[in-house]
Amino acid sequence: MSSLNPNTKFIFITGGVVSSLGKGLASASLASILQSRGFKVRLRKLDPYLNVDPGTMSPFQHGEVFVTDDGTEADLDLGHYERFSGVSARKSDSTTTGKIYQRVIDRERHGDYLGATIQVIPHVTNEIKDFIVNDLEDEDFVLCEIGGTVGDIEGQPYLEAIRQLAYDLGRDRTMFLHLTLLPYIPTAGELKTKPTQHSVKKLQEYGIQPDMLLCRSQMPIPENEKRKIALFCNIKEENVIQALDVSNIYQVPLAYSKEGMDKAVCRHFNLPCPDADLSGWEDIVNILKSPEGEVRVAVVGKYVKLLEAYKSLSEALNHGAIANKHKVKIKWIDSEELENKNPEDFFSDVHGILVPGGFGLRGTQGKIEAVKYARTHNIPFLGICFGMQMAVIETMRNVLEISNANTTELDENCEAVVGLMTEWDKDGAKQIRHKDGDLGGTMRLGAYETVIKEGSLAQSIYQTTNISERHRHRYEVNIKYQDALNKAGMIISGTSPNGDLPEIVEIPNHPWFIAVQYHPELKSRPFAPHPLFVEFIKASIKHSRLV
Ligand code: GLN
C-alpha cells in the first residue's frame, strides 16, 4: 500500500434489498459526473462467485462476457464503466472469489505463508484489499463495486475487507455508498423504507456505516421519508439521494447530478467541487428526445431471451444511431425460431441485419438463413465473430454449393472452412492450444491488430488501414479458402499482421455487407461511437429510404 497515492479516495459501492438494481450503471454514472467536474476516476468490480471469471458461464446465467484490451474476460459492468467513463478497463479492475482463492492457494503452495494457518481473515481479505489498492496511478477516486446483495454468504469477506480498508486508509479517504430500493405499495399508496433500513442494519452488523444511500424509486421520495431514512440509518439527510426511474440510461448521470450526488461526495471528502460540464450527456438526451427518424435493425442470436447477453451490442447500436441523430429499434430474433420458416415474415420490416457472436450448434441454421436473406435482398449486414464465421459458411454453402462447409466447432467431419486455432502470435510470442486443453481463459482474447486492404469498405469505414480490436474466439476462418471465397464474390479485407488469420470479410457487390472476427461493440462509447456501428446504421437508414 506504500506506493498508493495519498490523495486517492475510495468509494465502495454495495447493493441491498434486491439484486438487479443497476449498481454497475450507478457506479459508472457517479464516475462520469465526478469526471465532469475534472476528477480522475477508475472503476473496479469484485464479484463474489467462485468462477475464476465469467468466461465459462452461460450468457443466460451471467449476461455478456466483457473483454478488456489486455485479454481479461470480465463482468459486463466493466462495459458500463468503460462506456460511461471512457477509461479502458484492465485486468487489475476485475476480480472474483475464484481468482482471489486461486492466488491464496498458489501462495500457500509456494510457501509464502510458511508456518501459518490460512484463513478467510486475514489471508483472503488481505488478497481482496491488495486487489483494491493495486495498479493505481494518480486517480482522485477509485470506485469499487461489490457484486451481489448485502447479506449473501459469498459477499462477507468483501465487506470485511472494505471495512478494514476504511480503517487502514482512514474515513477521510473512504466512502461507503449503498444502493437500495424503496418499493411502492399501491394499496398503501406509499414508498416503503423498511427494506432499506434492514439492509443498512445488515451492513452495520459487518461494521460498515454507509455514508450515502442511493435509493431507487419509481416516484419522488417525500422529504419526510428522506428524513426518516436518514435518522434510522444514521446518515446525513443530504446524503440520502433519490434515484428515480428514467426512460433511458443516458439520463442517469444528469439525474444524479441534479440530485447533488457529486457535490455530496465532494462534501464528504472535504474537496472543492469545480463546476460540472454535462453538455455531452445533454446533447445525447436531446437527440433521443427528438430524433430525426427511427431505423429498425434485426439482431439474430440465440440468447435474445436475456438481453443482458447483448449489452455492449445494443449499446453500440444506440451509439451508432445517436451519431446519425436517429433512434434505433432493435428487433430481437431468436435464431432457432427462424429455422424452417419464411424469413420474409421476420425481415420484411427491418432496414439492417446483424448476426452477433455465439457458441454451439443450437440456432446456427437460423443465423445462416439470416445471412442469406441479407445477402440476397441487399439489406445492410454486419456479422460479428460467430456471425462472420456463419457469413463465410453461408457463402461457401449457398454460392459455391459446398454443402458440408462448416466449422469444426459444430462438426468435426465437415469441410472445415472454420477450424480450431492451435497457434497464433501474441506480442511476438507463440500461443499454442490443443483440442483437449482447458476451456477457461484460453480463447484468443483481447486486443490484436488487423491490417485492412486498401480500397475496401473496411478502409472507408475506419479511414485507416491499421486497427486494434478486441477478440474472443477459439475458431477461425481458414485463409486457404481465400481464392474460393473470392470466386464467390466475398473478399477478405482484413487479416492479422502476418496475413494468417482473416479478420474482416466483405461482399463488394452488395450495398453494405461486412463481417468481422472481433467484437467492435466492446470498444464503442457514447462519446466515441464505433465507426462500424455508425456506418452500419447509416447504411440501414439509407436502405430504409429505398423501401
Ligand atoms: N464460437 C466461435 C469461436 O469460438 C465464435 C466466438 C464468438 O462469437 N465470440 O470461434
# chains A, B, ... in the order shown; residues from 1 in each chain; ligands from 1
$ residues_around --residues "Arg525 of chain A" --least-positions-apart "6" --cutoff "12 Å" --atoms "only C-alpha atoms" --output "list in words"
Gly79, His80, Tyr81, Glu82, Arg83, Phe84, Ser85, Gly86, Val87, Ser88, Tyr250, Ile284, Ser312, Leu313, Ser314, Glu315, Ala316, Leu317, Asn318, His319, Gly320, Ile322, Ala323, Pro531, Phe533 and Val534 of chain A
$ write_last_selection --atoms "N, CA, C and O atoms" --output "mmCIF file, in the first residue's frame"
data_model
loop_
_atom_site.group_PDB
_atom_site.id
_atom_site.type_symbol
_atom_site.label_atom_id
_atom_site.label_comp_id
_atom_site.auth_asym_id
_atom_site.auth_seq_id
_atom_site.Cartn_x
_atom_site.Cartn_y
_atom_site.Cartn_z
ATOM 1 N N GLY A 79 -18.208 -3.039 -18.875
ATOM 2 C CA GLY A 79 -18.659 -2.364 -20.091
ATOM 3 C C GLY A 79 -19.335 -1.040 -19.757
ATOM 4 O O GLY A 79 -19.053 -0.014 -20.382
ATOM 5 N N HIS A 80 -20.220 -1.066 -18.735
ATOM 6 C CA HIS A 80 -20.842 0.196 -18.303
ATOM 7 C C HIS A 80 -19.755 1.190 -17.902
ATOM 8 O O HIS A 80 -19.812 2.359 -18.245
ATOM 9 N N TYR A 81 -18.781 0.707 -17.151
ATOM 10 C CA TYR A 81 -17.727 1.602 -16.665
ATOM 11 C C TYR A 81 -17.001 2.263 -17.846
ATOM 12 O O TYR A 81 -16.798 3.467 -17.861
ATOM 13 N N GLU A 82 -16.601 1.427 -18.794
ATOM 14 C CA GLU A 82 -15.842 1.970 -19.933
ATOM 15 C C GLU A 82 -16.681 2.944 -20.736
ATOM 16 O O GLU A 82 -16.212 3.994 -21.149
ATOM 17 N N ARG A 83 -17.927 2.557 -20.964
ATOM 18 C CA ARG A 83 -18.758 3.404 -21.820
ATOM 19 C C ARG A 83 -19.034 4.753 -21.161
ATOM 20 O O ARG A 83 -19.040 5.774 -21.816
ATOM 21 N N PHE A 84 -19.269 4.740 -19.851
ATOM 22 C CA PHE A 84 -19.635 5.995 -19.194
ATOM 23 C C PHE A 84 -18.435 6.828 -18.775
ATOM 24 O O PHE A 84 -18.546 8.036 -18.644
ATOM 25 N N SER A 85 -17.298 6.206 -18.547
ATOM 26 C CA SER A 85 -16.142 6.978 -18.082
ATOM 27 C C SER A 85 -15.118 7.186 -19.194
ATOM 28 O O SER A 85 -14.259 8.050 -19.085
ATOM 29 N N GLY A 86 -15.196 6.359 -20.237
ATOM 30 C CA GLY A 86 -14.195 6.456 -21.304
ATOM 31 C C GLY A 86 -12.841 5.901 -20.884
ATOM 32 O O GLY A 86 -11.897 5.919 -21.662
ATOM 33 N N VAL A 87 -12.736 5.368 -19.669
ATOM 34 C CA VAL A 87 -11.458 4.813 -19.204
ATOM 35 C C VAL A 87 -11.440 3.316 -19.528
ATOM 36 O O VAL A 87 -12.324 2.580 -19.087
ATOM 37 N N SER A 88 -10.447 2.868 -20.295
ATOM 38 C CA SER A 88 -10.380 1.446 -20.641
ATOM 39 C C SER A 88 -10.055 0.627 -19.401
ATOM 40 O O SER A 88 -9.100 0.923 -18.685
ATOM 41 N N TYR A 250 -28.941 7.109 -20.521
ATOM 42 C CA TYR A 250 -28.105 8.307 -20.687
ATOM 43 C C TYR A 250 -28.587 9.455 -19.800
ATOM 44 O O TYR A 250 -27.900 10.454 -19.642
ATOM 45 N N ILE A 284 -26.866 14.094 -25.980
ATOM 46 C CA ILE A 284 -27.368 12.746 -26.285
ATOM 47 C C ILE A 284 -28.849 12.632 -25.909
ATOM 48 O O ILE A 284 -29.675 12.141 -26.684
ATOM 49 N N SER A 312 -23.347 -4.837 -24.611
ATOM 50 C CA SER A 312 -22.468 -3.929 -25.370
ATOM 51 C C SER A 312 -22.986 -3.743 -26.788
ATOM 52 O O SER A 312 -22.871 -2.662 -27.371
ATOM 53 N N LEU A 313 -23.541 -4.820 -27.326
ATOM 54 C CA LEU A 313 -24.044 -4.759 -28.698
ATOM 55 C C LEU A 313 -25.201 -3.769 -28.810
ATOM 56 O O LEU A 313 -25.204 -2.894 -29.698
ATOM 57 N N SER A 314 -26.184 -3.875 -27.911
ATOM 58 C CA SER A 314 -27.317 -2.956 -28.034
ATOM 59 C C SER A 314 -26.863 -1.525 -27.764
ATOM 60 O O SER A 314 -27.341 -0.583 -28.394
ATOM 61 N N GLU A 315 -25.891 -1.379 -26.852
ATOM 62 C CA GLU A 315 -25.377 -0.030 -26.602
ATOM 63 C C GLU A 315 -24.663 0.519 -27.835
ATOM 64 O O GLU A 315 -24.835 1.680 -28.209
ATOM 65 N N ALA A 316 -23.844 -0.322 -28.469
ATOM 66 C CA ALA A 316 -23.106 0.135 -29.652
ATOM 67 C C ALA A 316 -24.078 0.544 -30.763
ATOM 68 O O ALA A 316 -23.851 1.522 -31.485
ATOM 69 N N LEU A 317 -25.188 -0.196 -30.894
ATOM 70 C CA LEU A 317 -26.192 0.185 -31.899
ATOM 71 C C LEU A 317 -26.805 1.539 -31.532
ATOM 72 O O LEU A 317 -27.024 2.383 -32.409
ATOM 73 N N ASN A 318 -27.057 1.732 -30.242
ATOM 74 C CA ASN A 318 -27.571 3.046 -29.810
ATOM 75 C C ASN A 318 -26.573 4.151 -30.136
ATOM 76 O O ASN A 318 -26.955 5.213 -30.628
ATOM 77 N N HIS A 319 -25.293 3.898 -29.849
ATOM 78 C CA HIS A 319 -24.283 4.929 -30.135
ATOM 79 C C HIS A 319 -24.266 5.262 -31.635
ATOM 80 O O HIS A 319 -24.194 6.432 -32.023
ATOM 81 N N GLY A 320 -24.340 4.199 -32.452
ATOM 82 C CA GLY A 320 -24.325 4.403 -33.905
ATOM 83 C C GLY A 320 -25.529 5.224 -34.344
ATOM 84 O O GLY A 320 -25.430 6.096 -35.217
ATOM 85 N N ILE A 322 -27.328 7.328 -32.419
ATOM 86 C CA ILE A 322 -27.222 8.700 -31.889
ATOM 87 C C ILE A 322 -26.299 9.517 -32.792
ATOM 88 O O ILE A 322 -26.592 10.679 -33.113
ATOM 89 N N ALA A 323 -25.202 8.898 -33.239
ATOM 90 C CA ALA A 323 -24.270 9.613 -34.128
ATOM 91 C C ALA A 323 -24.959 10.026 -35.423
ATOM 92 O O ALA A 323 -24.574 11.005 -36.070
ATOM 93 N N PRO A 531 -16.938 3.254 -35.410
ATOM 94 C CA PRO A 531 -17.255 3.547 -36.819
ATOM 95 C C PRO A 531 -18.055 2.454 -37.518
ATOM 96 O O PRO A 531 -18.901 2.757 -38.376
ATOM 97 N N PHE A 533 -20.426 0.661 -36.293
ATOM 98 C CA PHE A 533 -21.841 0.820 -35.931
ATOM 99 C C PHE A 533 -22.412 2.108 -36.515
ATOM 100 O O PHE A 533 -23.562 2.136 -36.950
ATOM 101 N N VAL A 534 -21.604 3.157 -36.537
ATOM 102 C CA VAL A 534 -22.076 4.421 -37.133
ATOM 103 C C VAL A 534 -22.411 4.177 -38.608
ATOM 104 O O VAL A 534 -23.472 4.573 -39.099
#
$ residues_near_ligand --ligand "ligand 1" --cutoff "9 Å" --atoms "only C-alpha atoms and all ligand atoms" --output "NGL selection string"
:A and (356-360 or 384-389 or 407 or 409 or 418-421 or 443-444 or 471-477 or 517-519)
$ residues_around --residues "Asp53 of chain A" --least-positions-apart "4" --cutoff "7 Å" --atoms "only C-alpha atoms" --output "list in words"
Glu73, Ala74 and Thr96 of chain A
$ write_last_selection --atoms "C-alpha atoms" --output "CSV table (one decimal), in the first residue's frame"
chain,number,residue,atom,x,y,z
A,73,GLU,CA,-12.9,-11.9,-19.6
A,74,ALA,CA,-14.9,-9.9,-17.1
A,96,THR,CA,-13.8,-12.8,-8.4
$ residues_around --residues "Val52 of chain A" --least-positions-apart "3" --cutoff "10 Å" --atoms "only C-alpha atoms" --output "VMD selection string"
chain A and resid 47 49 55 to 56 73 to 74 95 to 102 440 to 441
$ write_last_selection --atoms "N, CA and C atoms" --output "PDB file, in the first residue's frame"
ATOM      1  N   ASP A  47     -16.444  -9.579  -7.837  1.00  0.00           N
ATOM      2  CA  ASP A  47     -17.583 -10.488  -7.938  1.00  0.00           C
ATOM      3  C   ASP A  47     -17.426 -11.659  -6.987  1.00  0.00           C
ATOM      4  N   TYR A  49     -18.664 -14.595  -6.807  1.00  0.00           N
ATOM      5  CA  TYR A  49     -18.855 -16.003  -7.202  1.00  0.00           C
ATOM      6  C   TYR A  49     -17.513 -16.739  -7.315  1.00  0.00           C
ATOM      7  N   GLY A  55     -16.048 -16.266 -18.048  1.00  0.00           N
ATOM      8  CA  GLY A  55     -15.825 -16.781 -19.409  1.00  0.00           C
ATOM      9  C   GLY A  55     -16.454 -18.133 -19.690  1.00  0.00           C
ATOM     10  N   THR A  56     -16.573 -18.968 -18.670  1.00  0.00           N
ATOM     11  CA  THR A  56     -17.139 -20.294 -18.927  1.00  0.00           C
ATOM     12  C   THR A  56     -18.621 -20.379 -18.560  1.00  0.00           C
ATOM     13  N   GLU A  73     -11.480 -11.745 -19.383  1.00  0.00           N
ATOM     14  CA  GLU A  73     -12.920 -11.938 -19.553  1.00  0.00           C
ATOM     15  C   GLU A  73     -13.554 -11.501 -18.240  1.00  0.00           C
ATOM     16  N   ALA A  74     -14.445 -10.528 -18.317  1.00  0.00           N
ATOM     17  CA  ALA A  74     -14.901  -9.897 -17.078  1.00  0.00           C
ATOM     18  C   ALA A  74     -16.400  -9.655 -17.088  1.00  0.00           C
ATOM     19  N   THR A  95     -12.105  -8.708 -10.359  1.00  0.00           N
ATOM     20  CA  THR A  95     -11.726  -9.947  -9.680  1.00  0.00           C
ATOM     21  C   THR A  95     -12.958 -10.724  -9.249  1.00  0.00           C
ATOM     22  N   THR A  96     -12.718 -11.970  -8.824  1.00  0.00           N
ATOM     23  CA  THR A  96     -13.789 -12.849  -8.370  1.00  0.00           C
ATOM     24  C   THR A  96     -13.245 -13.637  -7.184  1.00  0.00           C
ATOM     25  N   THR A  97     -14.146 -14.288  -6.460  1.00  0.00           N
ATOM     26  CA  THR A  97     -13.677 -15.134  -5.367  1.00  0.00           C
ATOM     27  C   THR A  97     -12.770 -16.242  -5.905  1.00  0.00           C
ATOM     28  N   GLY A  98     -13.129 -16.768  -7.088  1.00  0.00           N
ATOM     29  CA  GLY A  98     -12.285 -17.805  -7.702  1.00  0.00           C
ATOM     30  C   GLY A  98     -10.851 -17.324  -7.872  1.00  0.00           C
ATOM     31  N   LYS A  99     -10.687 -16.112  -8.382  1.00  0.00           N
ATOM     32  CA  LYS A  99      -9.339 -15.557  -8.611  1.00  0.00           C
ATOM     33  C   LYS A  99      -8.611 -15.345  -7.278  1.00  0.00           C
ATOM     34  N   ILE A 100      -9.349 -14.789  -6.319  1.00  0.00           N
ATOM     35  CA  ILE A 100      -8.746 -14.486  -5.014  1.00  0.00           C
ATOM     36  C   ILE A 100      -8.234 -15.784  -4.367  1.00  0.00           C
ATOM     37  N   TYR A 101      -9.108 -16.812  -4.348  1.00  0.00           N
ATOM     38  CA  TYR A 101      -8.701 -18.084  -3.720  1.00  0.00           C
ATOM     39  C   TYR A 101      -7.573 -18.741  -4.496  1.00  0.00           C
ATOM     40  N   GLN A 102      -7.619 -18.622  -5.828  1.00  0.00           N
ATOM     41  CA  GLN A 102      -6.551 -19.216  -6.638  1.00  0.00           C
ATOM     42  C   GLN A 102      -5.199 -18.630  -6.217  1.00  0.00           C
ATOM     43  N   GLY A 440     -11.217 -22.582 -19.916  1.00  0.00           N
ATOM     44  CA  GLY A 440     -11.262 -21.278 -19.237  1.00  0.00           C
ATOM     45  C   GLY A 440     -10.077 -20.394 -19.571  1.00  0.00           C
ATOM     46  N   GLY A 441     -10.364 -19.211 -20.102  1.00  0.00           N
ATOM     47  CA  GLY A 441      -9.321 -18.213 -20.352  1.00  0.00           C
ATOM     48  C   GLY A 441      -8.340 -18.578 -21.456  1.00  0.00           C
TER      49      GLY A 441
END
$ residues_around --residues "Asp245 of chain A" --least-positions-apart "2" --cutoff "9 Å" --atoms "only C-alpha atoms" --output "list in words"
Arg216, Ser217, Gln218, Met219, Ala243, Ser247, Asn248 and Val252 of chain A
$ write_last_selection --atoms "N, CA and C atoms" --output "tab-separated table (two decimals), in the first residue's frame"
chain	number	residue	atom	x	y	z
A	216	ARG	N	-33.25	3.75	-5.19
A	216	ARG	CA	-34.04	3.61	-6.41
A	216	ARG	C	-35.51	3.73	-6.06
A	217	SER	N	-36.23	4.47	-6.88
A	217	SER	CA	-37.63	4.70	-6.58
A	217	SER	C	-38.38	5.04	-7.86
A	218	GLN	N	-39.62	4.59	-7.94
A	218	GLN	CA	-40.37	4.90	-9.16
A	218	GLN	C	-41.09	6.25	-9.05
A	219	MET	N	-41.03	6.86	-7.88
A	219	MET	CA	-41.63	8.19	-7.74
A	219	MET	C	-40.81	9.02	-6.74
A	243	ALA	N	-32.89	8.07	-6.61
A	243	ALA	CA	-32.54	7.66	-7.98
A	243	ALA	C	-33.84	7.24	-8.65
A	247	SER	N	-36.16	7.10	-18.46
A	247	SER	CA	-36.57	6.33	-19.65
A	247	SER	C	-35.39	5.81	-20.45
A	248	ASN	N	-34.20	6.40	-20.31
A	248	ASN	CA	-33.03	5.76	-20.93
A	248	ASN	C	-31.79	6.01	-20.07
A	252	VAL	N	-29.19	8.99	-16.65
A	252	VAL	CA	-28.80	8.72	-15.26
A	252	VAL	C	-27.75	9.70	-14.74
$ residues_around --residues "segment 300-306 of chain A" --least-positions-apart "4" --cutoff "6 Å" --atoms "only C-alpha atoms" --output "PyMOL selection string"
chain A and resi 333-335+355
$ write_last_selection --atoms "all heavy atoms" --output "PDB file, in the first residue's frame"
ATOM      1  N   ILE A 333     -34.390 -11.327 -32.677  1.00  0.00           N
ATOM      2  CA  ILE A 333     -34.950 -12.542 -33.274  1.00  0.00           C
ATOM      3  C   ILE A 333     -34.180 -13.756 -32.753  1.00  0.00           C
ATOM      4  O   ILE A 333     -32.946 -13.814 -32.853  1.00  0.00           O
ATOM      5  CB  ILE A 333     -34.864 -12.478 -34.819  1.00  0.00           C
ATOM      6  CG1 ILE A 333     -35.690 -11.289 -35.320  1.00  0.00           C
ATOM      7  CG2 ILE A 333     -35.333 -13.783 -35.453  1.00  0.00           C
ATOM      8  CD1 ILE A 333     -35.606 -11.053 -36.812  1.00  0.00           C
ATOM      9  N   ASP A 334     -34.911 -14.709 -32.204  1.00  0.00           N
ATOM     10  CA  ASP A 334     -34.306 -15.951 -31.744  1.00  0.00           C
ATOM     11  C   ASP A 334     -33.972 -16.784 -32.984  1.00  0.00           C
ATOM     12  O   ASP A 334     -34.870 -17.180 -33.731  1.00  0.00           O
ATOM     13  CB  ASP A 334     -35.313 -16.678 -30.834  1.00  0.00           C
ATOM     14  CG  ASP A 334     -34.716 -17.922 -30.213  1.00  0.00           C
ATOM     15  OD1 ASP A 334     -33.745 -18.470 -30.782  1.00  0.00           O
ATOM     16  OD2 ASP A 334     -35.220 -18.349 -29.163  1.00  0.00           O
ATOM     17  N   SER A 335     -32.692 -17.036 -33.186  1.00  0.00           N
ATOM     18  CA  SER A 335     -32.272 -17.681 -34.445  1.00  0.00           C
ATOM     19  C   SER A 335     -32.929 -19.053 -34.614  1.00  0.00           C
ATOM     20  O   SER A 335     -33.201 -19.486 -35.734  1.00  0.00           O
ATOM     21  CB  SER A 335     -30.754 -17.798 -34.512  1.00  0.00           C
ATOM     22  OG  SER A 335     -30.255 -18.430 -33.364  1.00  0.00           O
ATOM     23  N   VAL A 355     -25.810 -10.311 -37.232  1.00  0.00           N
ATOM     24  CA  VAL A 355     -25.649 -11.608 -36.571  1.00  0.00           C
ATOM     25  C   VAL A 355     -24.454 -11.492 -35.619  1.00  0.00           C
ATOM     26  O   VAL A 355     -23.324 -11.298 -36.065  1.00  0.00           O
ATOM     27  CB  VAL A 355     -25.454 -12.764 -37.582  1.00  0.00           C
ATOM     28  CG1 VAL A 355     -25.235 -14.080 -36.835  1.00  0.00           C
ATOM     29  CG2 VAL A 355     -26.670 -12.882 -38.493  1.00  0.00           C
TER      30      VAL A 355
END
$ atom_distance --atom1 "atom CA of Val295 of chain A" --atom2 "atom CA of Gly63 of chain A"
25.5 Å
$ residues_around --residues "Asp172 of chain A" --least-positions-apart "6" --cutoff "9 Å" --atoms "only C-alpha atoms" --output "PDB file with all heavy atoms, in the first residue's frame"
ATOM      1  N   LYS A   9      -8.907   8.688  -3.269  1.00  0.00           N
ATOM      2  CA  LYS A   9     -10.013   8.346  -2.357  1.00  0.00           C
ATOM      3  C   LYS A   9     -10.750   7.129  -2.921  1.00  0.00           C
ATOM      4  O   LYS A   9     -10.813   6.939  -4.140  1.00  0.00           O
ATOM      5  CB  LYS A   9     -11.026   9.502  -2.265  1.00  0.00           C
ATOM      6  CG  LYS A   9     -10.399  10.878  -2.260  1.00  0.00           C
ATOM      7  CD  LYS A   9     -10.186  11.363  -0.866  1.00  0.00           C
ATOM      8  CE  LYS A   9      -9.768  12.804  -0.817  1.00  0.00           C
ATOM      9  NZ  LYS A   9      -8.453  13.021  -0.231  1.00  0.00           N
ATOM     10  N   ALA A 166     -11.208   0.812   5.124  1.00  0.00           N
ATOM     11  CA  ALA A 166     -11.627   2.130   5.633  1.00  0.00           C
ATOM     12  C   ALA A 166     -10.876   2.436   6.922  1.00  0.00           C
ATOM     13  O   ALA A 166     -10.508   3.585   7.191  1.00  0.00           O
ATOM     14  CB  ALA A 166     -13.138   2.143   5.862  1.00  0.00           C
ATOM     15  N   HIS A 268     -18.309  15.126   1.407  1.00  0.00           N
ATOM     16  CA  HIS A 268     -17.867  14.045   2.289  1.00  0.00           C
ATOM     17  C   HIS A 268     -16.339  14.038   2.423  1.00  0.00           C
ATOM     18  O   HIS A 268     -15.801  13.823   3.494  1.00  0.00           O
ATOM     19  CB  HIS A 268     -18.352  12.696   1.740  1.00  0.00           C
ATOM     20  CG  HIS A 268     -17.785  11.518   2.467  1.00  0.00           C
ATOM     21  ND1 HIS A 268     -18.363  11.005   3.602  1.00  0.00           N
ATOM     22  CD2 HIS A 268     -16.665  10.775   2.258  1.00  0.00           C
ATOM     23  CE1 HIS A 268     -17.638   9.993   4.045  1.00  0.00           C
ATOM     24  NE2 HIS A 268     -16.600   9.829   3.248  1.00  0.00           N
ATOM     25  N   PHE A 269     -15.674  14.266   1.295  1.00  0.00           N
ATOM     26  CA  PHE A 269     -14.209  14.200   1.306  1.00  0.00           C
ATOM     27  C   PHE A 269     -13.570  15.573   1.555  1.00  0.00           C
ATOM     28  O   PHE A 269     -12.351  15.706   1.429  1.00  0.00           O
ATOM     29  CB  PHE A 269     -13.694  13.625  -0.018  1.00  0.00           C
ATOM     30  CG  PHE A 269     -13.957  12.151  -0.172  1.00  0.00           C
ATOM     31  CD1 PHE A 269     -14.839  11.678  -1.135  1.00  0.00           C
ATOM     32  CD2 PHE A 269     -13.324  11.238   0.644  1.00  0.00           C
ATOM     33  CE1 PHE A 269     -15.079  10.319  -1.283  1.00  0.00           C
ATOM     34  CE2 PHE A 269     -13.553   9.875   0.503  1.00  0.00           C
ATOM     35  CZ  PHE A 269     -14.436   9.412  -0.458  1.00  0.00           C
ATOM     36  N   ASN A 270     -14.430  16.554   1.808  1.00  0.00           N
ATOM     37  CA  ASN A 270     -13.901  17.890   2.057  1.00  0.00           C
ATOM     38  C   ASN A 270     -13.090  18.423   0.879  1.00  0.00           C
ATOM     39  O   ASN A 270     -12.009  18.993   1.049  1.00  0.00           O
ATOM     40  CB  ASN A 270     -12.989  17.836   3.289  1.00  0.00           C
ATOM     41  CG  ASN A 270     -13.407  18.886   4.266  1.00  0.00           C
ATOM     42  OD1 ASN A 270     -14.073  19.856   3.874  1.00  0.00           O
ATOM     43  ND2 ASN A 270     -13.028  18.721   5.523  1.00  0.00           N
TER      44      ASN A 270
END
$ closest_residue --among "A:Ile514, A:Val297, A:Cys414, A:Ala255" --to "Ser32 of chain A" --atoms "only C-alpha atoms"
A:Ala255
$ select_by_dssp --residues "segment 163-277 of chain A" --states "alpha helix (DSSP H)" --output "ChimeraX atom specification"
/A:163-169,194-205,223-233,252-258,261-268
$ closest_atom_pairs --of "segment 267-353 of chain A" --to "segment 260-263 of chain A" --cutoff "9 Å" --atoms "only C-alpha atoms" --output "Markdown table"
| residue | atom | partner | partner_atom | distance |
| --- | --- | --- | --- | --- |
| A:Arg267 | CA | A:Lys263 | CA | 6.1 |
| A:His268 | CA | A:Lys263 | CA | 8.6 |
| A:Pro272 | CA | A:Lys263 | CA | 9.0 |
| A:Cys273 | CA | A:Lys263 | CA | 6.4 |
$ write_last_selection --atoms "N, CA, C and O atoms" --output "tab-separated table (two decimals), in the first residue's frame"
chain	number	residue	atom	x	y	z
A	267	ARG	N	-18.35	17.00	-0.65
A	267	ARG	CA	-18.51	17.44	0.74
A	267	ARG	C	-17.98	16.39	1.70
A	267	ARG	O	-17.27	16.69	2.64
A	268	HIS	N	-18.31	15.13	1.41
A	268	HIS	CA	-17.87	14.05	2.29
A	268	HIS	C	-16.34	14.04	2.42
A	268	HIS	O	-15.80	13.82	3.49
A	272	PRO	N	-12.91	20.70	-2.80
A	272	PRO	CA	-13.61	21.71	-3.59
A	272	PRO	C	-14.30	21.03	-4.76
A	272	PRO	O	-13.81	20.02	-5.27
A	273	CYS	N	-15.42	21.55	-5.18
A	273	CYS	CA	-16.21	20.89	-6.23
A	273	CYS	C	-16.28	21.80	-7.46
A	273	CYS	O	-17.16	22.66	-7.54
$ closest_residue --among "A:Glu503, A:Glu108, A:Asp69, A:Glu139" --to "Phe39 of chain A" --atoms "only C-alpha atoms"
A:Glu139
$ closest_residue --among "A:Leu439, A:Gly22, A:Ser403, A:Asn126" --to "Pro54 of chain A" --atoms "only C-alpha atoms"
A:Leu439
$ closest_residue --among "A:Gly170, A:Pro222, A:Pro186, A:Gly352" --to "Val547 of chain A" --atoms "only C-alpha atoms"
A:Gly352
$ select_by_dssp --residues "segment 288-362 of chain A" --states "strand (DSSP E)" --output "list in words"
Gly293, Glu294, Val295, Arg296, Val297, Ala298, Val299, Val300, Gly301, His326, Lys327, Val328, Lys329, Ile330, Lys331, Trp332, Ile333, Asp334, Gly352, Ile353, Leu354 and Val355 of chain A
$ atom_distance --atom1 "atom CA of Ile479 of chain A" --atom2 "atom CA of Val65 of chain A"
27.6 Å
$ atom_distance --atom1 "atom CA of Val142 of chain A" --atom2 "atom CA of Ile11 of chain A"
6.2 Å
